[in-house]
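Presented below is the structure to which this report refers.
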Amino acid sequence: MEDGTEDCLHIEFEYNMSRYHLKDVIVGKINFPLVRIKKHMKLSSLRRETTGAVLNQYHESDTIIKFEIMDCAPM
């Protein structure tokens, strides 16, 4: 998965699976091919639930936990 801001920050995530069970351990890498801003990075675990029929769906999201994993731009 790749994410970022055009011409400022590009982030690449590498991990084994696209879906995880709540008891699984996520092991992977985070790469920064382009960094032109000096910010901090936080990692959040979100729980998303969807209920109802297609025309009448209800979506709910909760933040389970947050981690600050970078205090400035990587070297």
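Labels used: A, B, ... for chains in the order of the structure tokens, numbers from 1 for residues in each chain, and numbers from 1 for ligands as shown.
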Non-local contacts of Asp7 (chain A) (8 Å; only C-alpha atoms; under 3 positions in same chain excluded) as a PyMOL selection string: chain A and resi 10+34+36
Near region 17-27 of chain A, within 12 Å and counting only C-alpha atoms, which residues show up once chain neighbours fewer than 6 positions away are dropped, as a ChimeraX atom specification? /A:1,45-47,64
One decimal, in Å: what's the spacing between CA of Ile30 (chain A) and CA of Ile11 (chain A)? 6.9 Å
Find the spatial neighbours of Arg48 (chain A), counting only C-alpha atoms, within a cut-off of 8 Å - ignore same-chain residues fewer than 5 positions away - and output them as a CSV table (one decimal) with all heavy atoms, in the first residue's frame.
chain,number,residue,atom,x,y,z
A,59,HIS,N,-22.8,3.1,9.2
A,59,HIS,CA,-21.4,2.9,9.4
A,59,HIS,C,-21.0,3.5,10.7
A,59,HIS,O,-21.4,4.6,11.1
A,59,HIS,CB,-20.6,3.6,8.2
A,59,HIS,CG,-21.0,3.1,6.9
A,59,HIS,ND1,-20.5,1.9,6.3
A,59,HIS,CD2,-21.8,3.7,6.0
A,59,HIS,CE1,-21.0,1.8,5.1
A,59,HIS,NE2,-21.8,2.8,4.9
A,60,GLU,N,-20.1,2.8,11.4
A,60,GLU,CA,-19.6,3.2,12.7
A,60,GLU,C,-18.1,3.0,12.7
A,60,GLU,O,-17.7,1.9,12.4
A,60,GLU,CB,-20.3,2.6,13.8
A,60,GLU,CG,-19.9,3.1,15.2
A,60,GLU,CD,-20.7,2.4,16.3
A,60,GLU,OE1,-21.8,1.9,16.1
A,60,GLU,OE2,-20.1,2.4,17.4
A,61,SER,N,-17.3,3.9,13.2
A,61,SER,CA,-15.9,3.8,13.3
A,61,SER,C,-15.4,4.2,14.7
A,61,SER,O,-15.9,5.2,15.2
A,61,SER,CB,-15.1,4.6,12.3
A,61,SER,OG,-15.4,4.2,11.0
A,62,ASP,N,-14.5,3.4,15.3
A,62,ASP,CA,-14.0,3.8,16.6
A,62,ASP,C,-12.5,3.6,16.5
A,62,ASP,O,-11.9,2.7,15.9
A,62,ASP,CB,-14.5,2.8,17.6
A,62,ASP,CG,-15.9,2.9,18.0
A,62,ASP,OD1,-16.4,4.1,17.9
A,62,ASP,OD2,-16.6,1.9,18.2
Pick from A:Glu49, A:Glu14, A:Pro33, A:Lys42 nearest to Ile65 (chain A), counting only C-alpha atoms: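 Ranking A:Glu49, A:Glu14, A:Pro33, A:Lys42 by distance to Ile65 (chain A), first place goes to A:Lys42.
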Coordinates-based distance that separates CA of Cys8 (chain A) from CA of Lys66 (chain A) (Å, one decimal): 23.9 Å
